[in-house]
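File shown: work_36.txt. Contents: compact mmCIF, N, CA and C atoms.
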```
# COMPACT_ATOMS: atom_id res chain seq x y z
N VAL P 1358 0.85 -1.19 0.00
CA VAL P 1358 0.00 0.00 0.00
C VAL P 1358 0.89 1.24 0.00
N GLN P 1359 0.56 2.17 -0.86
CA GLN P 1359 1.29 3.44 -0.91
C GLN P 1359 0.33 4.59 -0.67
N LEU P 1360 0.82 5.59 0.04
CA LEU P 1360 0.04 6.78 0.31
C LEU P 1360 0.78 7.99 -0.24
N GLN P 1361 0.07 8.82 -0.96
CA GLN P 1361 0.66 10.02 -1.56
C GLN P 1361 -0.09 11.24 -1.06
N ALA P 1362 0.60 12.05 -0.27
CA ALA P 1362 -0.02 13.26 0.29
C ALA P 1362 0.37 14.48 -0.53
N SER P 1363 -0.53 15.45 -0.53
CA SER P 1363 -0.27 16.71 -1.23
C SER P 1363 -1.10 17.82 -0.60
N GLY P 1364 -0.76 19.07 -0.95
CA GLY P 1364 -1.59 20.19 -0.53
C GLY P 1364 -0.99 21.11 0.52
N GLY P 1365 0.18 20.78 1.04
CA GLY P 1365 0.79 21.65 2.03
C GLY P 1365 1.27 22.94 1.40
N GLY P 1366 1.72 23.86 2.26
CA GLY P 1366 2.23 25.12 1.76
C GLY P 1366 2.34 26.16 2.84
N LEU P 1367 2.52 27.39 2.40
CA LEU P 1367 2.66 28.54 3.31
C LEU P 1367 1.38 29.37 3.24
N VAL P 1368 0.84 29.69 4.40
CA VAL P 1368 -0.39 30.47 4.45
C VAL P 1368 -0.33 31.41 5.65
N GLN P 1369 -1.01 32.53 5.55
CA GLN P 1369 -1.07 33.45 6.68
C GLN P 1369 -2.07 32.96 7.71
N ALA P 1370 -1.87 33.39 8.93
CA ALA P 1370 -2.81 33.05 10.00
C ALA P 1370 -4.22 33.48 9.61
N GLY P 1371 -5.16 32.59 9.88
CA GLY P 1371 -6.54 32.84 9.50
C GLY P 1371 -6.92 32.26 8.15
N GLY P 1372 -5.91 31.83 7.41
CA GLY P 1372 -6.16 31.28 6.09
C GLY P 1372 -6.54 29.81 6.13
N SER P 1373 -6.65 29.24 4.93
CA SER P 1373 -7.09 27.85 4.79
C SER P 1373 -6.17 27.08 3.86
N LEU P 1374 -6.11 25.79 4.08
CA LEU P 1374 -5.42 24.86 3.20
C LEU P 1374 -6.21 23.56 3.18
N ARG P 1375 -6.08 22.83 2.08
CA ARG P 1375 -6.70 21.52 1.98
C ARG P 1375 -5.64 20.50 1.63
N LEU P 1376 -5.49 19.51 2.48
CA LEU P 1376 -4.56 18.42 2.24
C LEU P 1376 -5.31 17.23 1.64
N SER P 1377 -4.64 16.50 0.77
CA SER P 1377 -5.19 15.29 0.18
C SER P 1377 -4.20 14.16 0.35
N CYS P 1378 -4.71 12.95 0.42
CA CYS P 1378 -3.84 11.77 0.51
C CYS P 1378 -4.55 10.62 -0.19
N ALA P 1379 -3.92 10.13 -1.24
CA ALA P 1379 -4.48 9.04 -2.02
C ALA P 1379 -3.75 7.74 -1.69
N ALA P 1380 -4.53 6.69 -1.41
CA ALA P 1380 -3.96 5.38 -1.12
C ALA P 1380 -4.13 4.48 -2.32
N SER P 1381 -3.12 3.65 -2.55
CA SER P 1381 -3.20 2.69 -3.65
C SER P 1381 -2.66 1.36 -3.17
N GLY P 1382 -3.10 0.30 -3.83
CA GLY P 1382 -2.67 -1.03 -3.43
C GLY P 1382 -3.83 -1.83 -2.85
N ARG P 1383 -3.49 -2.95 -2.23
CA ARG P 1383 -4.52 -3.83 -1.68
C ARG P 1383 -4.93 -3.34 -0.29
N ILE P 1384 -6.14 -2.85 -0.18
CA ILE P 1384 -6.63 -2.25 1.06
C ILE P 1384 -7.87 -2.98 1.52
N PHE P 1385 -7.84 -3.44 2.76
CA PHE P 1385 -9.00 -4.09 3.33
C PHE P 1385 -10.11 -3.07 3.51
N SER P 1386 -11.36 -3.50 3.34
CA SER P 1386 -12.48 -2.56 3.37
C SER P 1386 -12.65 -1.90 4.74
N ALA P 1387 -12.29 -2.61 5.81
CA ALA P 1387 -12.39 -2.02 7.15
C ALA P 1387 -11.07 -1.33 7.48
N ASN P 1388 -11.10 -0.02 7.46
CA ASN P 1388 -9.87 0.71 7.70
C ASN P 1388 -10.19 2.09 8.23
N ALA P 1389 -9.19 2.77 8.68
CA ALA P 1389 -9.31 4.17 9.08
C ALA P 1389 -8.21 4.95 8.37
N MET P 1390 -8.53 6.14 7.96
CA MET P 1390 -7.53 7.02 7.36
C MET P 1390 -7.32 8.20 8.31
N ASN P 1391 -6.08 8.54 8.50
CA ASN P 1391 -5.72 9.46 9.58
C ASN P 1391 -4.77 10.54 9.08
N TRP P 1392 -4.80 11.66 9.79
CA TRP P 1392 -3.79 12.71 9.62
C TRP P 1392 -3.09 12.93 10.96
N TYR P 1393 -1.78 12.89 10.91
CA TYR P 1393 -0.94 13.21 12.05
C TYR P 1393 -0.12 14.45 11.70
N ARG P 1394 0.45 15.05 12.71
CA ARG P 1394 1.38 16.14 12.45
C ARG P 1394 2.51 16.10 13.47
N GLN P 1395 3.63 16.67 13.06
CA GLN P 1395 4.79 16.73 13.94
C GLN P 1395 5.52 18.04 13.70
N SER P 1396 5.72 18.77 14.76
CA SER P 1396 6.46 20.02 14.68
C SER P 1396 7.80 19.81 15.37
N PRO P 1397 8.80 20.66 15.09
CA PRO P 1397 10.14 20.48 15.65
C PRO P 1397 10.12 20.39 17.18
N GLY P 1398 10.78 19.38 17.69
CA GLY P 1398 10.87 19.22 19.14
C GLY P 1398 9.67 18.59 19.79
N LYS P 1399 8.68 18.21 19.00
CA LYS P 1399 7.48 17.60 19.55
C LYS P 1399 7.23 16.23 18.95
N GLY P 1400 6.47 15.43 19.65
CA GLY P 1400 6.12 14.12 19.14
C GLY P 1400 5.03 14.21 18.09
N ARG P 1401 4.81 13.10 17.43
CA ARG P 1401 3.78 13.05 16.40
C ARG P 1401 2.41 13.03 17.07
N GLU P 1402 1.52 13.88 16.58
CA GLU P 1402 0.20 14.06 17.18
C GLU P 1402 -0.89 13.66 16.20
N LEU P 1403 -1.88 12.89 16.66
CA LEU P 1403 -3.02 12.57 15.82
C LEU P 1403 -3.90 13.81 15.70
N VAL P 1404 -4.14 14.24 14.47
CA VAL P 1404 -4.94 15.42 14.22
C VAL P 1404 -6.40 15.04 13.99
N ALA P 1405 -6.62 14.06 13.12
CA ALA P 1405 -7.99 13.66 12.79
C ALA P 1405 -7.96 12.26 12.20
N SER P 1406 -9.09 11.57 12.36
CA SER P 1406 -9.20 10.22 11.87
C SER P 1406 -10.61 10.01 11.33
N ILE P 1407 -10.74 9.19 10.31
CA ILE P 1407 -12.05 8.88 9.76
C ILE P 1407 -12.11 7.41 9.40
N GLY P 1408 -13.15 6.72 9.87
CA GLY P 1408 -13.32 5.32 9.57
C GLY P 1408 -13.94 5.12 8.20
N SER P 1409 -13.96 3.87 7.77
CA SER P 1409 -14.48 3.56 6.44
C SER P 1409 -15.97 3.85 6.32
N ARG P 1410 -16.67 3.94 7.45
CA ARG P 1410 -18.08 4.28 7.42
C ARG P 1410 -18.33 5.74 7.72
N GLY P 1411 -17.26 6.51 7.90
CA GLY P 1411 -17.41 7.95 8.05
C GLY P 1411 -17.32 8.48 9.47
N THR P 1412 -17.10 7.61 10.44
CA THR P 1412 -16.97 8.08 11.82
C THR P 1412 -15.68 8.88 11.96
N THR P 1413 -15.78 10.06 12.56
CA THR P 1413 -14.63 10.95 12.66
C THR P 1413 -14.22 11.21 14.10
N ASP P 1414 -12.97 11.59 14.25
CA ASP P 1414 -12.43 11.95 15.55
C ASP P 1414 -11.39 13.04 15.33
N TYR P 1415 -11.35 14.01 16.26
CA TYR P 1415 -10.44 15.14 16.10
C TYR P 1415 -9.69 15.41 17.39
N ALA P 1416 -8.49 15.93 17.24
CA ALA P 1416 -7.78 16.46 18.39
C ALA P 1416 -8.52 17.71 18.86
N GLU P 1417 -8.50 17.93 20.16
CA GLU P 1417 -9.20 19.09 20.72
C GLU P 1417 -8.72 20.40 20.11
N SER P 1418 -7.46 20.46 19.80
CA SER P 1418 -6.87 21.70 19.31
C SER P 1418 -7.36 22.11 17.92
N VAL P 1419 -7.98 21.17 17.19
CA VAL P 1419 -8.42 21.49 15.83
C VAL P 1419 -9.93 21.41 15.65
N LYS P 1420 -10.63 20.98 16.68
CA LYS P 1420 -12.08 20.87 16.57
C LYS P 1420 -12.70 22.21 16.21
N GLY P 1421 -13.62 22.17 15.25
CA GLY P 1421 -14.28 23.38 14.80
C GLY P 1421 -13.53 24.13 13.72
N ARG P 1422 -12.27 23.74 13.48
CA ARG P 1422 -11.48 24.41 12.44
C ARG P 1422 -11.11 23.48 11.30
N PHE P 1423 -10.86 22.22 11.62
CA PHE P 1423 -10.45 21.24 10.62
C PHE P 1423 -11.60 20.27 10.36
N THR P 1424 -11.68 19.80 9.12
CA THR P 1424 -12.68 18.80 8.75
C THR P 1424 -12.00 17.70 7.94
N ILE P 1425 -12.17 16.48 8.39
CA ILE P 1425 -11.63 15.33 7.65
C ILE P 1425 -12.76 14.69 6.88
N SER P 1426 -12.47 14.26 5.67
CA SER P 1426 -13.46 13.57 4.85
C SER P 1426 -12.72 12.56 3.99
N ARG P 1427 -13.49 11.68 3.35
CA ARG P 1427 -12.87 10.67 2.50
C ARG P 1427 -13.78 10.33 1.34
N ASP P 1428 -13.15 9.88 0.28
CA ASP P 1428 -13.84 9.37 -0.90
C ASP P 1428 -13.42 7.92 -1.03
N ASN P 1429 -14.28 7.00 -0.63
CA ASN P 1429 -13.91 5.59 -0.63
C ASN P 1429 -13.68 5.06 -2.04
N ALA P 1430 -14.38 5.59 -3.00
CA ALA P 1430 -14.19 5.13 -4.39
C ALA P 1430 -12.78 5.44 -4.88
N LYS P 1431 -12.22 6.53 -4.34
CA LYS P 1431 -10.87 6.94 -4.76
C LYS P 1431 -9.81 6.59 -3.72
N ASN P 1432 -10.23 5.98 -2.59
CA ASN P 1432 -9.29 5.70 -1.49
C ASN P 1432 -8.49 6.94 -1.13
N THR P 1433 -9.19 8.05 -1.03
CA THR P 1433 -8.55 9.33 -0.77
C THR P 1433 -9.15 9.98 0.47
N VAL P 1434 -8.29 10.55 1.28
CA VAL P 1434 -8.71 11.28 2.47
C VAL P 1434 -8.30 12.73 2.32
N TYR P 1435 -9.14 13.61 2.84
CA TYR P 1435 -8.89 15.05 2.75
C TYR P 1435 -8.86 15.65 4.15
N LEU P 1436 -8.14 16.73 4.30
CA LEU P 1436 -8.18 17.49 5.54
C LEU P 1436 -8.33 18.96 5.18
N GLN P 1437 -9.52 19.48 5.39
CA GLN P 1437 -9.77 20.90 5.17
C GLN P 1437 -9.41 21.64 6.44
N MET P 1438 -8.47 22.55 6.33
CA MET P 1438 -7.98 23.28 7.49
C MET P 1438 -8.33 24.76 7.34
N ASN P 1439 -9.17 25.24 8.22
CA ASN P 1439 -9.60 26.65 8.21
C ASN P 1439 -9.11 27.34 9.47
N SER P 1440 -9.14 28.66 9.44
CA SER P 1440 -8.73 29.47 10.60
C SER P 1440 -7.39 29.00 11.14
N LEU P 1441 -6.45 28.83 10.25
CA LEU P 1441 -5.14 28.30 10.64
C LEU P 1441 -4.41 29.25 11.57
N LYS P 1442 -3.67 28.66 12.48
CA LYS P 1442 -2.90 29.39 13.48
C LYS P 1442 -1.42 29.04 13.33
N PRO P 1443 -0.53 29.92 13.77
CA PRO P 1443 0.91 29.59 13.70
C PRO P 1443 1.24 28.27 14.38
N GLU P 1444 0.53 27.93 15.44
CA GLU P 1444 0.81 26.67 16.13
C GLU P 1444 0.37 25.44 15.34
N ASP P 1445 -0.30 25.63 14.21
CA ASP P 1445 -0.63 24.51 13.33
C ASP P 1445 0.54 24.17 12.41
N THR P 1446 1.58 24.98 12.44
CA THR P 1446 2.75 24.72 11.62
C THR P 1446 3.38 23.39 12.00
N ALA P 1447 3.54 22.52 11.01
CA ALA P 1447 4.08 21.18 11.26
C ALA P 1447 4.21 20.46 9.92
N VAL P 1448 4.86 19.32 9.98
CA VAL P 1448 4.80 18.38 8.86
C VAL P 1448 3.59 17.49 9.11
N TYR P 1449 2.72 17.41 8.14
CA TYR P 1449 1.50 16.62 8.25
C TYR P 1449 1.69 15.30 7.49
N TYR P 1450 1.33 14.21 8.15
CA TYR P 1450 1.46 12.87 7.59
C TYR P 1450 0.08 12.21 7.51
N CYS P 1451 -0.17 11.52 6.42
CA CYS P 1451 -1.37 10.70 6.37
C CYS P 1451 -0.99 9.25 6.65
N SER P 1452 -1.93 8.54 7.19
CA SER P 1452 -1.71 7.12 7.44
C SER P 1452 -3.00 6.35 7.20
N LEU P 1453 -2.86 5.07 6.99
CA LEU P 1453 -4.01 4.19 6.82
C LEU P 1453 -3.85 3.03 7.77
N THR P 1454 -4.86 2.82 8.59
CA THR P 1454 -4.89 1.67 9.50
C THR P 1454 -5.76 0.61 8.87
N ASP P 1455 -5.15 -0.49 8.50
CA ASP P 1455 -5.85 -1.59 7.85
C ASP P 1455 -6.23 -2.61 8.90
N TYR P 1456 -7.53 -2.66 9.25
CA TYR P 1456 -7.97 -3.56 10.31
C TYR P 1456 -7.98 -5.01 9.86
N GLY P 1457 -8.05 -5.26 8.57
CA GLY P 1457 -8.06 -6.63 8.09
C GLY P 1457 -6.70 -7.29 8.23
N PHE P 1458 -5.68 -6.60 7.82
CA PHE P 1458 -4.33 -7.13 7.89
C PHE P 1458 -3.58 -6.69 9.15
N GLY P 1459 -4.21 -5.79 9.93
CA GLY P 1459 -3.57 -5.35 11.16
C GLY P 1459 -2.30 -4.58 10.92
N LEU P 1460 -2.29 -3.74 9.90
CA LEU P 1460 -1.09 -3.00 9.54
C LEU P 1460 -1.39 -1.51 9.47
N ASP P 1461 -0.35 -0.73 9.67
CA ASP P 1461 -0.42 0.72 9.49
C ASP P 1461 0.51 1.12 8.36
N TYR P 1462 0.03 1.96 7.49
CA TYR P 1462 0.83 2.45 6.37
C TYR P 1462 0.94 3.97 6.49
N TRP P 1463 2.08 4.49 6.07
CA TRP P 1463 2.34 5.92 6.20
C TRP P 1463 2.73 6.52 4.86
N GLY P 1464 2.27 7.75 4.64
CA GLY P 1464 2.70 8.50 3.49
C GLY P 1464 3.86 9.40 3.85
N GLN P 1465 4.40 10.06 2.84
CA GLN P 1465 5.44 11.05 3.13
C GLN P 1465 4.78 12.28 3.72
N GLY P 1466 5.49 13.06 4.43
CA GLY P 1466 4.92 14.25 5.04
C GLY P 1466 4.79 15.40 4.06
N THR P 1467 3.90 16.31 4.41
CA THR P 1467 3.75 17.54 3.64
C THR P 1467 3.81 18.71 4.62
N GLN P 1468 4.63 19.69 4.30
CA GLN P 1468 4.87 20.79 5.22
C GLN P 1468 3.74 21.81 5.16
N VAL P 1469 3.24 22.17 6.33
CA VAL P 1469 2.28 23.26 6.45
C VAL P 1469 2.92 24.33 7.33
N THR P 1470 3.02 25.52 6.81
CA THR P 1470 3.60 26.64 7.56
C THR P 1470 2.60 27.77 7.61
N VAL P 1471 2.29 28.20 8.83
CA VAL P 1471 1.33 29.29 9.03
C VAL P 1471 2.09 30.48 9.62
N SER P 1472 2.11 31.56 8.89
CA SER P 1472 2.82 32.75 9.34
C SER P 1472 1.88 33.67 10.13
N SER P 1473 2.46 34.36 11.09
CA SER P 1473 1.64 35.25 11.94
C SER P 1473 1.55 36.65 11.35
```
Encoded form (structure tokens):
Amino acid sequence: VQLQASGGGLVQAGGSLRLSCAASGRIFSANAMNWYRQSPGKGRELVASIGSRGTTDYAESVKGRFTISRDNAKNTVYLQMNSLKPEDTAVYYCSLTDYGFGLDYWGQGTQVTVSS
């Protein structure tokens, strides 16, 4: 399974970005697609997760500002990020948790930088 993330960039505080991550390969139907982020000197943090049936979960710090969604036909997950803050600056990683095979797959990171 391969994951390809895109959509990062530089944005001013208060702005918006949309991240995308497309998965390819053999994927079990029961899975979750996730976005994590990691900023310098900090551990990797789960930002948002969405199950194959659409159940979502968010970190408290992004609730009300970020929206995760997915297109199962395209095996693609999106992260719409609004009202961005400088503290959202990080490398964002997508991952897929495959419940059938019990495996986690990771994409390459995409840099999000929010200027004040």
Computed interatomic separation between atom N of Gln1359 of chain P and atom N of Gly1398 of chain P (Å)
27.3 Å
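From atom N of Gly1464 of chain P back to atom CA of Ala1416 of chain P, the distance works out to 19.1 Å.
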Please extract the residues of chain P with a backbone DSSP assignment of strand (DSSP E) and present them as a ChimeraX atom specification.
/P:1359-1363,1366-1369,1374-1381,1388-1395,1402-1408,1413-1415,1423-1428,1433-1438,1447-1455,1460-1463,1467-1472
Near Ser1409 of chain P, within 8 Å and counting only N, CA and C atoms, which residues show up once chain neighbours fewer than 5 positions away are dropped, as an MDAnalysis selection string?
chainID P and resid 1386:1390 1429
May I have the selected residues written with N, CA and C atoms, as a PDB file, keeping the file's coordinate frame?
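Once written, part34.pdb looks like this:
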```pdb
ATOM      1  N   SER P1386     -11.360  -3.500   3.340  1.00  0.00           N
ATOM      2  CA  SER P1386     -12.480  -2.560   3.370  1.00  0.00           C
ATOM      3  C   SER P1386     -12.650  -1.900   4.740  1.00  0.00           C
ATOM      4  N   ALA P1387     -12.290  -2.610   5.810  1.00  0.00           N
ATOM      5  CA  ALA P1387     -12.390  -2.020   7.150  1.00  0.00           C
ATOM      6  C   ALA P1387     -11.070  -1.330   7.480  1.00  0.00           C
ATOM      7  N   ASN P1388     -11.100  -0.020   7.460  1.00  0.00           N
ATOM      8  CA  ASN P1388      -9.870   0.710   7.700  1.00  0.00           C
ATOM      9  C   ASN P1388     -10.190   2.090   8.230  1.00  0.00           C
ATOM     10  N   ALA P1389      -9.190   2.770   8.680  1.00  0.00           N
ATOM     11  CA  ALA P1389      -9.310   4.170   9.080  1.00  0.00           C
ATOM     12  C   ALA P1389      -8.210   4.950   8.370  1.00  0.00           C
ATOM     13  N   MET P1390      -8.530   6.140   7.960  1.00  0.00           N
ATOM     14  CA  MET P1390      -7.530   7.020   7.360  1.00  0.00           C
ATOM     15  C   MET P1390      -7.320   8.200   8.310  1.00  0.00           C
ATOM     16  N   ASN P1429     -14.280   7.000  -0.630  1.00  0.00           N
ATOM     17  CA  ASN P1429     -13.910   5.590  -0.630  1.00  0.00           C
ATOM     18  C   ASN P1429     -13.680   5.060  -2.040  1.00  0.00           C
TER      19      ASN P1429
END
```
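Between atom CA of Thr1433 of chain P and atom CA of Gly1400 of chain P there is a distance of 25.2 Å.
Proximity ranking of P:Val1471, P:Leu1376, P:Ile1407, P:Leu1460 relative to Pro1443 of chain P places P:Val1471 first, based on only N, CA and C atoms.
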Give me the residues near Ser1396 of chain P as a compact mmCIF listing (two decimals) with N, CA and C atoms, keeping the file's coordinate frame, where near means some atom within 8 Å (using only C-alpha atoms) and where sequence neighbours in that chain fewer than 3 positions away do not count.
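Just written: result-v5.txt:
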```txt
# COMPACT_ATOMS: atom_id res chain seq x y z
N LYS P 1399 8.68 18.21 19.00
CA LYS P 1399 7.48 17.60 19.55
C LYS P 1399 7.23 16.23 18.95
N GLY P 1400 6.47 15.43 19.65
CA GLY P 1400 6.12 14.12 19.14
C GLY P 1400 5.03 14.21 18.09
N ARG P 1401 4.81 13.10 17.43
CA ARG P 1401 3.78 13.05 16.40
C ARG P 1401 2.41 13.03 17.07
N THR P 1446 1.58 24.98 12.44
CA THR P 1446 2.75 24.72 11.62
C THR P 1446 3.38 23.39 12.00
N ALA P 1447 3.54 22.52 11.01
CA ALA P 1447 4.08 21.18 11.26
C ALA P 1447 4.21 20.46 9.92
N VAL P 1448 4.86 19.32 9.98
CA VAL P 1448 4.80 18.38 8.86
C VAL P 1448 3.59 17.49 9.11
```
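Nearest to Leu1360 of chain P of all the residues P:Gly1382, P:Gly1421, P:Gly1372, P:Gly1408 is P:Gly1382, counting all atoms listed in the file.
Every polymer residue reaching to within 8 Å of (-10.4, 12.0, 18.1), counting all atoms listed in the file, appears in this list: Leu1403, Val1404, Ala1405, Ser1406, Thr1413, Asp1414, Tyr1415, Ala1416 and Glu1417 of chain P.
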Can you work out which one of P:Gln1465, P:Thr1412, P:Gln1437, P:Ser1473 has the shortest atom-to-atom distance to Ser1452 of chain P, counting only N, CA and C atoms?
P:Gln1465
Kindly list the centre and edge lengths in Å, rounded to one decimal, for the axis-aligned box that covers all listed atoms of segment 1370-1387 of chain P plus 4 Å on each of its six sides, as AutoDock Vina command-line options.
```
--center_x -7.3 --center_y 14.7 --center_z 3.1 --size_x 18.8 --size_y 45.6 --size_z 21.8
```
